[in-house]
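Only one structure is covered here, and it is reproduced in the block below.
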Amino acid sequence: MRDLNLDNITATAVDSFAGLADARQRELVQTLVRHLHAYAREVKLTHAEWRAAIAFLHRVGDISSEQRSEFSLLSDVTGLSSLVDLLGSHPQAIKDAVLDFWQNAANGLYWQLDAAQPRDNLRCQLRVDAQGGYEIATIRPVPYQIPTDGPAWVDLVEPAGRGSWRPAHFHLIVSAPGHRTLVTELFDAEDPYLDRDAVFGVREALIGRYAEEHDLAAAQRLGLPGPGVPVMRMDFRLAPA
């Protein structure tokens, strides 16, 4: 590697990972290197810009912890998280599944960020019934702001003039044997931030609308004041593994 130049540096760097035994890992790493080099060439990356990017990633790592992943937020605000969701979304209806469900509290915070809430507050796991149905009684989630004290916001999102709000939503992980796990969100059609989600999570298929249903028996069963009950209905389907 004594004759490196602009013409062969990328191929040399890509080839240096040819010894990775796992084929998928080899593909991921080599493709990443190829695209990183293409990016640097396209924008004519300077030393100062390169050092600033490295410093930014250091700040992202420094503020991250077991309770907070600034890298996940960085993935969210650049649209990568939603892109991965879209790439993995190929629906096919099934009858048996397990749902992991969680949401924020009325103050906009998740239990991990609020010492006043009990552990796993507003979170549950349930198995669908024999007909593939499920039912969850909960409070209505509220919009909230992404963290604005870290480098993802301070150095990247705020300077771009973007907003920090996420529309109200439920989180769901739906899984079943022999099928691909679905990680998704379910949004409130009446939320004012649907068209300016800070992390690009909103899609038309994930927007649900509450309808007032008058079912005293259902209200009593769910422990809700009745007879009027606001209900949002949503079907989920999983693709084969």
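Ligands are numbered from 1 in the order shown, residues from 1 within each chain, and chains are lettered A, B, ... in the order they appear in the structure tokens.
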
At a cut-off of 12 Å, using only C-alpha atoms, what residues contact A:Ala40? Leave out same-chain residues fewer than 6 positions from it and give the result as a list in words. Leu6, Thr10, Val33, Arg34, Thr46, His47, Glu49, Trp50 and Ala53 of chain A

For the residues in that selection, give me N, CA and C atoms as an mmCIF file, in the first residue's frame.
```cif
data_model
loop_
_atom_site.group_PDB
_atom_site.id
_atom_site.type_symbol
_atom_site.label_atom_id
_atom_site.label_comp_id
_atom_site.auth_asym_id
_atom_site.auth_seq_id
_atom_site.Cartn_x
_atom_site.Cartn_y
_atom_site.Cartn_z
ATOM 1 N N LEU A 6 -5.517 9.144 -5.175
ATOM 2 C CA LEU A 6 -6.963 9.359 -5.282
ATOM 3 C C LEU A 6 -7.652 8.299 -6.129
ATOM 4 N N THR A 10 -9.880 4.199 -2.495
ATOM 5 C CA THR A 10 -11.188 3.618 -2.134
ATOM 6 C C THR A 10 -11.178 2.113 -2.346
ATOM 7 N N VAL A 33 -17.859 1.645 3.538
ATOM 8 C CA VAL A 33 -16.602 2.311 3.197
ATOM 9 C C VAL A 33 -16.688 2.963 1.825
ATOM 10 N N ARG A 34 -17.268 2.240 0.870
ATOM 11 C CA ARG A 34 -17.390 2.771 -0.492
ATOM 12 C C ARG A 34 -18.225 4.057 -0.518
ATOM 13 N N THR A 46 -13.011 18.789 3.668
ATOM 14 C CA THR A 46 -11.758 19.382 4.130
ATOM 15 C C THR A 46 -11.320 18.770 5.456
ATOM 16 N N HIS A 47 -10.058 19.010 5.832
ATOM 17 C CA HIS A 47 -9.572 18.517 7.115
ATOM 18 C C HIS A 47 -10.383 19.099 8.277
ATOM 19 N N GLU A 49 -13.477 20.141 8.276
ATOM 20 C CA GLU A 49 -14.817 19.534 8.307
ATOM 21 C C GLU A 49 -14.753 18.109 8.823
ATOM 22 N N TRP A 50 -13.728 17.375 8.440
ATOM 23 C CA TRP A 50 -13.537 16.012 8.923
ATOM 24 C C TRP A 50 -13.336 15.989 10.428
ATOM 25 N N ALA A 53 -16.600 16.711 12.210
ATOM 26 C CA ALA A 53 -17.499 15.549 12.212
ATOM 27 C C ALA A 53 -17.086 14.536 13.276
#
```

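For A:Val183, the residues within 9 Å (counting only C-alpha atoms, excluding itself and residues fewer than 2 positions away along the chain) are Asp85, His171, Leu172, Ile173, Val174, Ser175, Thr181 and Glu185 of chain A.
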
May I have the residues within 9 Å of A:Ala168 as a PyMOL selection string, using only C-alpha atoms and disregarding those fewer than 4 positions away in the same chain? chain A and resi 103-104+108+140-144+186-188+191+193-194

Written selection (N, CA and C atoms) as a PDB file, in the first residue's frame:
```pdb
ATOM      1  N   GLN A 103     -45.960   4.001  25.649  1.00  0.00           N
ATOM      2  CA  GLN A 103     -46.284   5.372  25.277  1.00  0.00           C
ATOM      3  C   GLN A 103     -45.788   6.315  26.362  1.00  0.00           C
ATOM      4  N   ASN A 104     -45.929   7.630  26.095  1.00  0.00           N
ATOM      5  CA  ASN A 104     -45.547   8.603  27.118  1.00  0.00           C
ATOM      6  C   ASN A 104     -46.723   8.910  28.037  1.00  0.00           C
ATOM      7  N   GLY A 108     -45.831  14.180  28.936  1.00  0.00           N
ATOM      8  CA  GLY A 108     -45.001  14.063  27.745  1.00  0.00           C
ATOM      9  C   GLY A 108     -43.766  13.213  27.924  1.00  0.00           C
ATOM     10  N   ARG A 140     -54.640   8.885  26.465  1.00  0.00           N
ATOM     11  CA  ARG A 140     -54.288   9.400  25.148  1.00  0.00           C
ATOM     12  C   ARG A 140     -52.888  10.016  25.212  1.00  0.00           C
ATOM     13  N   PRO A 141     -51.966   9.585  24.355  1.00  0.00           N
ATOM     14  CA  PRO A 141     -50.616  10.153  24.394  1.00  0.00           C
ATOM     15  C   PRO A 141     -50.621  11.613  23.964  1.00  0.00           C
ATOM     16  N   VAL A 142     -49.535  12.308  24.269  1.00  0.00           N
ATOM     17  CA  VAL A 142     -49.438  13.740  23.943  1.00  0.00           C
ATOM     18  C   VAL A 142     -48.169  13.990  23.128  1.00  0.00           C
ATOM     19  N   PRO A 143     -48.120  15.090  22.370  1.00  0.00           N
ATOM     20  CA  PRO A 143     -46.883  15.429  21.655  1.00  0.00           C
ATOM     21  C   PRO A 143     -45.762  15.712  22.654  1.00  0.00           C
ATOM     22  N   TYR A 144     -44.536  15.550  22.195  1.00  0.00           N
ATOM     23  CA  TYR A 144     -43.400  15.862  23.062  1.00  0.00           C
ATOM     24  C   TYR A 144     -42.211  16.290  22.209  1.00  0.00           C
ATOM     25  N   LEU A 186     -47.989   4.375  16.079  1.00  0.00           N
ATOM     26  CA  LEU A 186     -49.369   4.635  15.683  1.00  0.00           C
ATOM     27  C   LEU A 186     -49.706   6.057  16.119  1.00  0.00           C
ATOM     28  N   PHE A 187     -50.083   6.913  15.150  1.00  0.00           N
ATOM     29  CA  PHE A 187     -50.236   8.339  15.400  1.00  0.00           C
ATOM     30  C   PHE A 187     -51.702   8.759  15.492  1.00  0.00           C
ATOM     31  N   ASP A 188     -51.924   9.872  16.170  1.00  0.00           N
ATOM     32  CA  ASP A 188     -53.242  10.452  16.360  1.00  0.00           C
ATOM     33  C   ASP A 188     -53.546  11.396  15.204  1.00  0.00           C
ATOM     34  N   ASP A 191     -53.476  15.244  15.736  1.00  0.00           N
ATOM     35  CA  ASP A 191     -52.293  15.904  16.290  1.00  0.00           C
ATOM     36  C   ASP A 191     -51.793  17.022  15.369  1.00  0.00           C
ATOM     37  N   TYR A 193     -48.804  18.135  14.938  1.00  0.00           N
ATOM     38  CA  TYR A 193     -47.432  18.004  14.463  1.00  0.00           C
ATOM     39  C   TYR A 193     -47.253  16.866  13.449  1.00  0.00           C
ATOM     40  N   LEU A 194     -48.336  16.335  12.916  1.00  0.00           N
ATOM     41  CA  LEU A 194     -48.233  15.211  11.986  1.00  0.00           C
ATOM     42  C   LEU A 194     -47.369  15.536  10.770  1.00  0.00           C
TER      43      LEU A 194
END
```

Among the residues of stretch 2-112 of chain A, find those DSSP assigns to strand (DSSP E) from the backbone and print them as a PyMOL selection string. chain A and resi 98-102

Would you export the selected residues with N, CA and C atoms as a PDB file, in the first residue's frame, please?
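Now in part33.pdb:
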```
ATOM      1  N   VAL A  98     -47.624 -11.465  19.279  1.00  0.00           N
ATOM      2  CA  VAL A  98     -47.413 -10.849  20.585  1.00  0.00           C
ATOM      3  C   VAL A  98     -47.136  -9.372  20.357  1.00  0.00           C
ATOM      4  N   LEU A  99     -47.771  -8.518  21.164  1.00  0.00           N
ATOM      5  CA  LEU A  99     -47.602  -7.076  21.047  1.00  0.00           C
ATOM      6  C   LEU A  99     -46.889  -6.528  22.276  1.00  0.00           C
ATOM      7  N   ASP A 100     -45.801  -5.793  22.027  1.00  0.00           N
ATOM      8  CA  ASP A 100     -45.186  -4.954  23.058  1.00  0.00           C
ATOM      9  C   ASP A 100     -45.665  -3.540  22.789  1.00  0.00           C
ATOM     10  N   PHE A 101     -46.180  -2.895  23.838  1.00  0.00           N
ATOM     11  CA  PHE A 101     -46.816  -1.580  23.675  1.00  0.00           C
ATOM     12  C   PHE A 101     -46.268  -0.626  24.724  1.00  0.00           C
ATOM     13  N   TRP A 102     -45.942   0.623  24.305  1.00  0.00           N
ATOM     14  CA  TRP A 102     -45.592   1.637  25.288  1.00  0.00           C
ATOM     15  C   TRP A 102     -45.874   3.030  24.741  1.00  0.00           C
TER      16      TRP A 102
END
```

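Proximity ranking of A:Asp7, A:Glu70, A:Glu190, A:Glu27 relative to A:Gly150 places A:Glu70 first, based on only C-alpha atoms.
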
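With only C-alpha atoms as the atoms that count, the minimum distance from A:Leu238 to the choices A:Ala176, A:Leu20, A:Val199, A:Ile63 is reached by A:Ala176.
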
Which residue is closest to A:Gln125? Choose from A:Ala152, A:Ala241, A:Ala97, A:Leu83 and count only C-alpha atoms. A:Ala97

Residues near A:Gly132, cut-off 7 Å, only C-alpha atoms, skip fewer than 4 positions along chain, as an mmCIF file with C-alpha atoms, in the first residue's frame:
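Here's the written file part37.cif:
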```cif
data_model
loop_
_atom_site.group_PDB
_atom_site.id
_atom_site.type_symbol
_atom_site.label_atom_id
_atom_site.label_comp_id
_atom_site.auth_asym_id
_atom_site.auth_seq_id
_atom_site.Cartn_x
_atom_site.Cartn_y
_atom_site.Cartn_z
ATOM 1 C CA LYS A 95 -53.698 -14.525 13.305
ATOM 2 C CA ASP A 96 -51.164 -15.106 16.089
ATOM 3 C CA VAL A 128 -53.620 -11.620 20.573
#
```

For A:Asp76, work out the shell of residues within 12 Å, counting only C-alpha atoms and skipping chain neighbours fewer than 5 positions away, then give it as a PDB file with C-alpha atoms, in the first residue's frame.
```pdb
ATOM      1  CA  SER A  69     -29.006   6.933  23.105  1.00  0.00           C
ATOM      2  CA  GLU A  70     -28.037  10.066  21.214  1.00  0.00           C
ATOM      3  CA  PHE A  71     -27.014   7.791  18.343  1.00  0.00           C
ATOM      4  CA  SER A  81     -34.736   4.951  11.293  1.00  0.00           C
ATOM      5  CA  SER A  82     -37.843   5.519   9.207  1.00  0.00           C
ATOM      6  CA  LEU A  83     -36.042   4.407   6.047  1.00  0.00           C
ATOM      7  CA  VAL A  84     -35.121   1.094   7.696  1.00  0.00           C
ATOM      8  CA  ASP A  85     -38.773   0.669   8.748  1.00  0.00           C
ATOM      9  CA  ILE A 146     -36.957  15.387  21.267  1.00  0.00           C
ATOM     10  CA  PRO A 147     -33.970  16.120  23.565  1.00  0.00           C
ATOM     11  CA  ALA A 152     -27.846  16.062  17.518  1.00  0.00           C
ATOM     12  CA  TRP A 153     -30.064  19.079  18.245  1.00  0.00           C
ATOM     13  CA  VAL A 157     -31.185  20.016  13.768  1.00  0.00           C
ATOM     14  CA  SER A 164     -38.188  19.646  17.880  1.00  0.00           C
ATOM     15  CA  ARG A 166     -42.960  14.726  17.755  1.00  0.00           C
ATOM     16  CA  ASP A 197     -42.412  15.172  12.888  1.00  0.00           C
ATOM     17  CA  ALA A 198     -38.825  15.791  13.981  1.00  0.00           C
ATOM     18  CA  VAL A 199     -37.814  12.196  13.206  1.00  0.00           C
ATOM     19  CA  PHE A 200     -39.815  11.482   9.995  1.00  0.00           C
ATOM     20  CA  GLY A 201     -41.899   8.695  11.565  1.00  0.00           C
ATOM     21  CA  VAL A 202     -45.355   9.598  10.230  1.00  0.00           C
TER      22      VAL A 202
END
```

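Taking only stretch 95-195 of chain A, the residues that DSSP calls helix (DSSP H, G or I) from the backbone come to Trp111, Gln112, Leu113, Pro151, Ala152, Trp153, Val154, Asp155, Leu156, Val157, Glu158, Pro159, Ala160, Leu194 and Asp195 of chain A.
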
Create the file for the chosen residues now, containing N, CA and C atoms and written as a JSON list (two decimals), in the first residue's frame.
```
[["chain", "number", "residue", "atom", "x", "y", "z"],
["A", 111, "TRP", "N", -41.31, 6.75, 31.14],
["A", 111, "TRP", "CA", -40.93, 6.45, 32.52],
["A", 111, "TRP", "C", -39.42, 6.50, 32.74],
["A", 112, "GLN", "N", -38.64, 6.17, 31.70],
["A", 112, "GLN", "CA", -37.18, 6.17, 31.86],
["A", 112, "GLN", "C", -36.63, 7.56, 32.17],
["A", 113, "LEU", "N", -37.36, 8.61, 31.77],
["A", 113, "LEU", "CA", -36.89, 9.98, 31.95],
["A", 113, "LEU", "C", -37.63, 10.73, 33.05],
["A", 151, "PRO", "N", -25.77, 17.13, 21.08],
["A", 151, "PRO", "CA", -25.21, 17.59, 19.79],
["A", 151, "PRO", "C", -26.11, 17.33, 18.60],
["A", 152, "ALA", "N", -26.95, 16.30, 18.66],
["A", 152, "ALA", "CA", -27.85, 16.06, 17.52],
["A", 152, "ALA", "C", -28.75, 17.27, 17.28],
["A", 153, "TRP", "N", -29.22, 17.89, 18.37],
["A", 153, "TRP", "CA", -30.06, 19.08, 18.24],
["A", 153, "TRP", "C", -29.24, 20.35, 18.07],
["A", 154, "VAL", "N", -28.29, 20.56, 18.99],
["A", 154, "VAL", "CA", -27.55, 21.82, 19.03],
["A", 154, "VAL", "C", -26.72, 22.06, 17.77],
["A", 155, "ASP", "N", -26.06, 20.99, 17.28],
["A", 155, "ASP", "CA", -25.14, 21.16, 16.16],
["A", 155, "ASP", "C", -25.76, 20.85, 14.80],
["A", 156, "LEU", "N", -26.90, 20.17, 14.78],
["A", 156, "LEU", "CA", -27.41, 19.68, 13.50],
["A", 156, "LEU", "C", -28.83, 20.11, 13.20],
["A", 157, "VAL", "N", -29.77, 19.80, 14.09],
["A", 157, "VAL", "CA", -31.18, 20.02, 13.77],
["A", 157, "VAL", "C", -31.60, 21.47, 13.94],
["A", 158, "GLU", "N", -31.25, 22.07, 15.09],
["A", 158, "GLU", "CA", -31.65, 23.47, 15.32],
["A", 158, "GLU", "C", -31.04, 24.43, 14.29],
["A", 159, "PRO", "N", -29.74, 24.30, 13.96],
["A", 159, "PRO", "CA", -29.19, 25.21, 12.94],
["A", 159, "PRO", "C", -29.88, 25.10, 11.59],
["A", 160, "ALA", "N", -30.52, 23.95, 11.33],
["A", 160, "ALA", "CA", -31.24, 23.79, 10.06],
["A", 160, "ALA", "C", -32.61, 24.44, 10.10],
["A", 194, "LEU", "N", -48.34, 16.33, 12.92],
["A", 194, "LEU", "CA", -48.23, 15.21, 11.99],
["A", 194, "LEU", "C", -47.37, 15.54, 10.77],
["A", 195, "ASP", "N", -47.45, 16.75, 10.27],
["A", 195, "ASP", "CA", -46.72, 17.12, 9.06],
["A", 195, "ASP", "C", -45.33, 17.67, 9.33]]
```

Which residues are close to A:Val29, i.e. within 12 Å by only C-alpha atoms, leaving aside same-chain residues fewer than 2 positions away? Reply as JSON, numbers by chain. {"A": [13, 14, 15, 16, 17, 18, 19, 20, 21, 22, 23, 24, 25, 26, 27, 31, 32, 33, 34, 35, 36]}
